[in-house]
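Engineer: Please find work.cif (mmCIF, C-alpha atoms) on the next line:
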```cif
data_start
loop_
_atom_site.label_atom_id
_atom_site.label_comp_id
_atom_site.auth_asym_id
_atom_site.auth_seq_id
_atom_site.Cartn_x
_atom_site.Cartn_y
_atom_site.Cartn_z
CA VAL A 1 150.44 88.62 158.42
CA GLN A 2 148.08 88.63 161.37
CA LEU A 3 147.60 91.76 163.43
CA GLN A 4 146.38 91.29 167.00
CA ALA A 5 143.87 93.70 168.46
CA SER A 6 143.50 94.44 172.15
CA GLY A 7 141.67 96.76 174.51
CA GLY A 8 138.11 95.51 174.29
CA GLY A 9 135.82 95.01 177.22
CA LEU A 10 132.40 95.62 178.71
CA VAL A 11 131.20 99.21 178.88
CA GLN A 12 127.89 100.93 179.47
CA THR A 13 126.07 102.96 176.85
CA GLY A 14 127.79 106.32 176.46
CA GLY A 15 131.12 105.00 177.65
CA SER A 16 134.49 104.93 175.92
CA LEU A 17 137.14 102.40 175.03
CA ARG A 18 140.47 102.61 173.26
CA LEU A 19 141.55 99.72 171.10
CA SER A 20 145.13 99.19 170.04
CA CYS A 21 147.03 97.04 167.61
CA LYS A 22 150.75 96.59 167.19
CA ALA A 23 152.56 95.41 164.11
CA PRO A 24 154.35 92.08 164.33
CA ARG A 25 158.08 92.19 163.63
CA THR A 26 157.59 90.62 160.23
CA ILE A 27 155.97 93.75 158.79
CA THR A 28 157.51 96.60 160.77
CA SER A 29 159.74 97.49 157.84
CA VAL A 30 156.72 98.02 155.57
CA TRP A 31 154.29 99.39 158.17
CA ASN A 32 154.51 103.07 157.38
CA PRO A 33 153.18 103.02 153.81
CA LEU A 34 150.27 100.75 154.68
CA THR A 35 146.67 101.89 154.93
CA LEU A 36 145.39 100.43 158.19
CA GLY A 37 141.86 99.70 159.18
CA TRP A 38 139.64 98.72 162.06
CA TYR A 39 136.90 96.27 161.26
CA ARG A 40 134.12 94.77 163.31
CA GLN A 41 131.81 91.82 163.14
CA ALA A 42 128.61 91.85 165.13
CA PRO A 43 126.72 88.63 165.89
CA GLY A 44 124.91 87.42 162.80
CA LYS A 45 126.36 90.14 160.59
CA GLN A 46 129.14 90.42 158.07
CA ARG A 47 132.45 91.96 158.96
CA GLU A 48 132.60 95.64 158.09
CA LEU A 49 135.25 98.32 157.86
CA VAL A 50 134.57 101.03 160.42
CA ALA A 51 137.66 103.22 160.06
CA ALA A 52 140.78 103.44 157.94
CA ILE A 53 143.86 105.62 158.01
CA THR A 54 146.37 106.11 155.22
CA SER A 55 150.11 106.56 155.47
CA THR A 56 149.56 110.32 155.45
CA ARG A 57 147.01 110.01 158.26
CA SER A 58 143.98 110.71 156.12
CA ALA A 59 141.09 108.96 157.85
CA ASN A 60 137.73 107.67 156.70
CA TYR A 61 134.87 106.35 158.77
CA ALA A 62 131.70 104.36 158.34
CA ASP A 63 128.64 106.57 158.68
CA SER A 64 127.58 104.68 161.78
CA VAL A 65 130.66 105.75 163.74
CA LYS A 66 131.42 109.21 162.35
CA GLY A 67 131.86 111.76 165.10
CA ARG A 68 132.22 109.06 167.76
CA PHE A 69 135.26 107.01 166.72
CA THR A 70 138.75 108.26 165.93
CA ILE A 71 141.46 106.21 164.28
CA SER A 72 145.10 107.15 164.74
CA ARG A 73 148.50 105.64 164.12
CA ASP A 74 151.93 105.81 165.68
CA ASN A 75 154.40 104.95 162.97
CA ALA A 76 157.42 105.17 165.25
CA ASN A 77 156.04 102.40 167.45
CA LYS A 78 154.13 100.60 164.69
CA LYS A 79 150.76 100.90 166.36
CA VAL A 80 147.25 101.81 165.32
CA TYR A 81 144.49 102.88 167.67
CA LEU A 82 140.72 103.26 167.68
CA GLN A 83 139.28 105.66 170.23
CA MET A 84 135.59 104.89 170.66
CA ASN A 85 133.38 107.39 172.45
CA SER A 86 129.63 107.58 173.03
CA LEU A 87 129.37 103.85 172.61
CA GLU A 88 126.01 102.33 171.81
CA PRO A 89 124.70 98.77 172.13
CA GLU A 90 124.85 98.57 168.31
CA ASP A 91 128.64 98.88 168.57
CA THR A 92 128.83 95.48 170.27
CA ALA A 93 131.07 93.32 168.09
CA ILE A 94 134.44 91.70 167.76
CA TYR A 95 136.87 94.33 166.52
CA TYR A 96 139.84 93.51 164.31
CA CYS A 97 142.73 95.50 162.94
CA ASN A 98 144.10 94.76 159.51
CA THR A 99 145.40 96.45 156.44
CA ASP A 100 142.99 98.01 153.96
CA PRO A 101 142.30 96.03 151.87
CA PRO A 102 142.54 93.28 154.47
CA GLY A 103 145.04 90.46 154.55
CA GLN A 104 144.95 87.45 156.81
CA TRP A 105 142.80 87.96 159.89
CA GLY A 106 144.30 87.91 163.34
CA GLN A 107 142.68 87.71 166.72
CA GLY A 108 140.06 90.33 167.41
CA THR A 109 138.97 91.92 170.64
CA LEU A 110 135.42 91.80 171.95
CA VAL A 111 133.59 95.03 172.71
CA THR A 112 130.31 94.70 174.56
CA VAL A 113 128.14 97.74 175.19
CA SER A 114 125.38 97.26 177.71
CA SER A 115 122.18 99.28 177.61
#
```
If you convert what's in this file into structure tokens, what do you get?
Structural biologist:
Amino acid sequence: VQLQASGGGLVQTGGSLRLSCKAPRTITSVWNPLTLGWYRQAPGKQRELVAAITSTRSANYADSVKGRFTISRDNANKKVYLQMNSLEPEDTAIYYCNTDPPGQWGQGTLVTVSS
């Protein structure tokens, strides 16, 4: 099942963005128990997991984003969010939402942070 991310854009260093992802109808019935993650792939680099949230809302973050990014989920509306603050040029990447571990990849959203 492919999850579609949205909310990316161009922002200056130090700015903020909020990414969102909504479950397709095909998995809404199994959404709540899933561990969900936000991943990113920067140019020339491998895709990496930056944040994950369990069904009980326990969250984990990559060291590079700790204290700046916050993952959250809305189980009633089958959505997952990534609040990104204090953005840095190194955060420039295509961001994807998926389960953790990941299934089939959907369309990501491009985040560009200008210096």
Engineer: Just the residues within 10 Å of segment 27-39 of chain A, please, counting all atoms listed in the file, with nothing from its chain fewer than 4 positions along; format it as a PyMOL selection string.
Structural biologist: chain A and resi 1-3+5+19-23+47-61+71-82+93-102+108
Engineer: Using C-alpha atoms, can you write the selected residues to a file as a PDB file, keeping the file's coordinate frame?
Structural biologist:
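And here is the file that came out, out-v1.pdb:
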```pdb
ATOM      1  CA  VAL A   1     150.440  88.620 158.420  1.00  0.00           C
ATOM      2  CA  GLN A   2     148.080  88.630 161.370  1.00  0.00           C
ATOM      3  CA  LEU A   3     147.600  91.760 163.430  1.00  0.00           C
ATOM      4  CA  ALA A   5     143.870  93.700 168.460  1.00  0.00           C
ATOM      5  CA  LEU A  19     141.550  99.720 171.100  1.00  0.00           C
ATOM      6  CA  SER A  20     145.130  99.190 170.040  1.00  0.00           C
ATOM      7  CA  CYS A  21     147.030  97.040 167.610  1.00  0.00           C
ATOM      8  CA  LYS A  22     150.750  96.590 167.190  1.00  0.00           C
ATOM      9  CA  ALA A  23     152.560  95.410 164.110  1.00  0.00           C
ATOM     10  CA  ARG A  47     132.450  91.960 158.960  1.00  0.00           C
ATOM     11  CA  GLU A  48     132.600  95.640 158.090  1.00  0.00           C
ATOM     12  CA  LEU A  49     135.250  98.320 157.860  1.00  0.00           C
ATOM     13  CA  VAL A  50     134.570 101.030 160.420  1.00  0.00           C
ATOM     14  CA  ALA A  51     137.660 103.220 160.060  1.00  0.00           C
ATOM     15  CA  ALA A  52     140.780 103.440 157.940  1.00  0.00           C
ATOM     16  CA  ILE A  53     143.860 105.620 158.010  1.00  0.00           C
ATOM     17  CA  THR A  54     146.370 106.110 155.220  1.00  0.00           C
ATOM     18  CA  SER A  55     150.110 106.560 155.470  1.00  0.00           C
ATOM     19  CA  THR A  56     149.560 110.320 155.450  1.00  0.00           C
ATOM     20  CA  ARG A  57     147.010 110.010 158.260  1.00  0.00           C
ATOM     21  CA  SER A  58     143.980 110.710 156.120  1.00  0.00           C
ATOM     22  CA  ALA A  59     141.090 108.960 157.850  1.00  0.00           C
ATOM     23  CA  ASN A  60     137.730 107.670 156.700  1.00  0.00           C
ATOM     24  CA  TYR A  61     134.870 106.350 158.770  1.00  0.00           C
ATOM     25  CA  ILE A  71     141.460 106.210 164.280  1.00  0.00           C
ATOM     26  CA  SER A  72     145.100 107.150 164.740  1.00  0.00           C
ATOM     27  CA  ARG A  73     148.500 105.640 164.120  1.00  0.00           C
ATOM     28  CA  ASP A  74     151.930 105.810 165.680  1.00  0.00           C
ATOM     29  CA  ASN A  75     154.400 104.950 162.970  1.00  0.00           C
ATOM     30  CA  ALA A  76     157.420 105.170 165.250  1.00  0.00           C
ATOM     31  CA  ASN A  77     156.040 102.400 167.450  1.00  0.00           C
ATOM     32  CA  LYS A  78     154.130 100.600 164.690  1.00  0.00           C
ATOM     33  CA  LYS A  79     150.760 100.900 166.360  1.00  0.00           C
ATOM     34  CA  VAL A  80     147.250 101.810 165.320  1.00  0.00           C
ATOM     35  CA  TYR A  81     144.490 102.880 167.670  1.00  0.00           C
ATOM     36  CA  LEU A  82     140.720 103.260 167.680  1.00  0.00           C
ATOM     37  CA  ALA A  93     131.070  93.320 168.090  1.00  0.00           C
ATOM     38  CA  ILE A  94     134.440  91.700 167.760  1.00  0.00           C
ATOM     39  CA  TYR A  95     136.870  94.330 166.520  1.00  0.00           C
ATOM     40  CA  TYR A  96     139.840  93.510 164.310  1.00  0.00           C
ATOM     41  CA  CYS A  97     142.730  95.500 162.940  1.00  0.00           C
ATOM     42  CA  ASN A  98     144.100  94.760 159.510  1.00  0.00           C
ATOM     43  CA  THR A  99     145.400  96.450 156.440  1.00  0.00           C
ATOM     44  CA  ASP A 100     142.990  98.010 153.960  1.00  0.00           C
ATOM     45  CA  PRO A 101     142.300  96.030 151.870  1.00  0.00           C
ATOM     46  CA  PRO A 102     142.540  93.280 154.470  1.00  0.00           C
ATOM     47  CA  GLY A 108     140.060  90.330 167.410  1.00  0.00           C
TER      48      GLY A 108
END
```
Engineer: Would you kindly return, as a list in words, each protein, DNA or RNA residue with an atom no farther than 9 Å from any atom of Gly14 of chain A, considering all atoms listed in the file and excluding same-chain residues fewer than 6 positions away?
Structural biologist: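 Selected residues are Asn85, Ser86, Leu87, Glu88 and Val113 of chain A.
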Engineer: Go ahead and write the selection's residues with C-alpha atoms as a PDB file, in the coordinates of the input.
Structural biologist:
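Generated file (again.pdb):
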```pdb
ATOM      1  CA  ASN A  85     133.380 107.390 172.450  1.00  0.00           C
ATOM      2  CA  SER A  86     129.630 107.580 173.030  1.00  0.00           C
ATOM      3  CA  LEU A  87     129.370 103.850 172.610  1.00  0.00           C
ATOM      4  CA  GLU A  88     126.010 102.330 171.810  1.00  0.00           C
ATOM      5  CA  VAL A 113     128.140  97.740 175.190  1.00  0.00           C
TER       6      VAL A 113
END
```
Engineer: Separation of atom CA of Asp63 of chain A and atom CA of Gly9 of chain A, in Å?
Structural biologist: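 Straight-line distance from atom CA of Asp63 of chain A to atom CA of Gly9 of chain A works out to 23.0 Å.
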Engineer: Between atom CA of Pro43 of chain A and atom CA of Val11 of chain A, what is the distance in Å, rounded to a tenth?
Structural biologist: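 Between atom CA of Pro43 of chain A and atom CA of Val11 of chain A the gap is 17.3 Å.
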Engineer: What is the atom CA of Thr70 of chain A to atom CA of Asp91 of chain A distance in Å?
Structural biologist: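 Taking atom CA of Thr70 of chain A and atom CA of Asp91 of chain A, their separation equals 14.0 Å.
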Engineer: Fix up segment 51-70 of chain A with N, CA and C atoms, then write it as a compact mmCIF listing (two decimals), in the coordinates of the input.
Structural biologist:
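And here's rebuild-v2.txt as it stands now:
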```txt
# COMPACT_ATOMS: atom_id res chain seq x y z
N ALA A 51 136.76 102.07 160.16
CA ALA A 51 137.66 103.22 160.06
C ALA A 51 138.94 102.79 159.38
N ALA A 52 139.51 103.71 158.61
CA ALA A 52 140.78 103.44 157.94
C ALA A 52 141.63 104.70 157.96
N ILE A 53 142.94 104.49 157.99
CA ILE A 53 143.86 105.62 158.01
C ILE A 53 145.01 105.33 157.05
N THR A 54 145.31 106.29 156.21
CA THR A 54 146.37 106.11 155.22
C THR A 54 147.74 106.43 155.83
N SER A 55 148.75 106.27 155.02
CA SER A 55 150.11 106.56 155.47
C SER A 55 150.29 108.03 155.80
N THR A 56 149.48 108.88 155.17
CA THR A 56 149.56 110.32 155.45
C THR A 56 148.54 110.76 156.49
N ARG A 57 147.96 109.78 157.16
CA ARG A 57 147.01 110.01 158.26
C ARG A 57 145.69 110.60 157.81
N SER A 58 145.33 110.39 156.57
CA SER A 58 143.98 110.71 156.12
C SER A 58 143.05 109.60 156.57
N ALA A 59 141.97 109.96 157.25
CA ALA A 59 141.09 108.96 157.85
C ALA A 59 139.70 108.99 157.22
N ASN A 60 139.10 107.81 157.17
CA ASN A 60 137.73 107.67 156.70
C ASN A 60 136.97 106.79 157.68
N TYR A 61 135.68 107.06 157.79
CA TYR A 61 134.87 106.35 158.77
C TYR A 61 133.55 105.88 158.15
N ALA A 62 133.05 104.78 158.67
CA ALA A 62 131.70 104.36 158.34
C ALA A 62 130.73 105.38 158.91
N ASP A 63 129.62 105.57 158.22
CA ASP A 63 128.64 106.57 158.68
C ASP A 63 128.19 106.30 160.10
N SER A 64 128.11 105.05 160.47
CA SER A 64 127.58 104.68 161.78
C SER A 64 128.47 105.10 162.94
N VAL A 65 129.73 105.40 162.65
CA VAL A 65 130.66 105.75 163.74
C VAL A 65 131.23 107.16 163.61
N LYS A 66 130.89 107.87 162.55
CA LYS A 66 131.42 109.21 162.35
C LYS A 66 131.07 110.11 163.53
N GLY A 67 132.06 110.86 163.97
CA GLY A 67 131.86 111.76 165.10
C GLY A 67 132.00 111.10 166.45
N ARG A 68 132.09 109.78 166.49
CA ARG A 68 132.22 109.06 167.76
C ARG A 68 133.54 108.32 167.86
N PHE A 69 134.02 107.79 166.75
CA PHE A 69 135.26 107.01 166.72
C PHE A 69 136.36 107.82 166.06
N THR A 70 137.59 107.61 166.53
CA THR A 70 138.75 108.26 165.93
C THR A 70 139.86 107.23 165.77
```
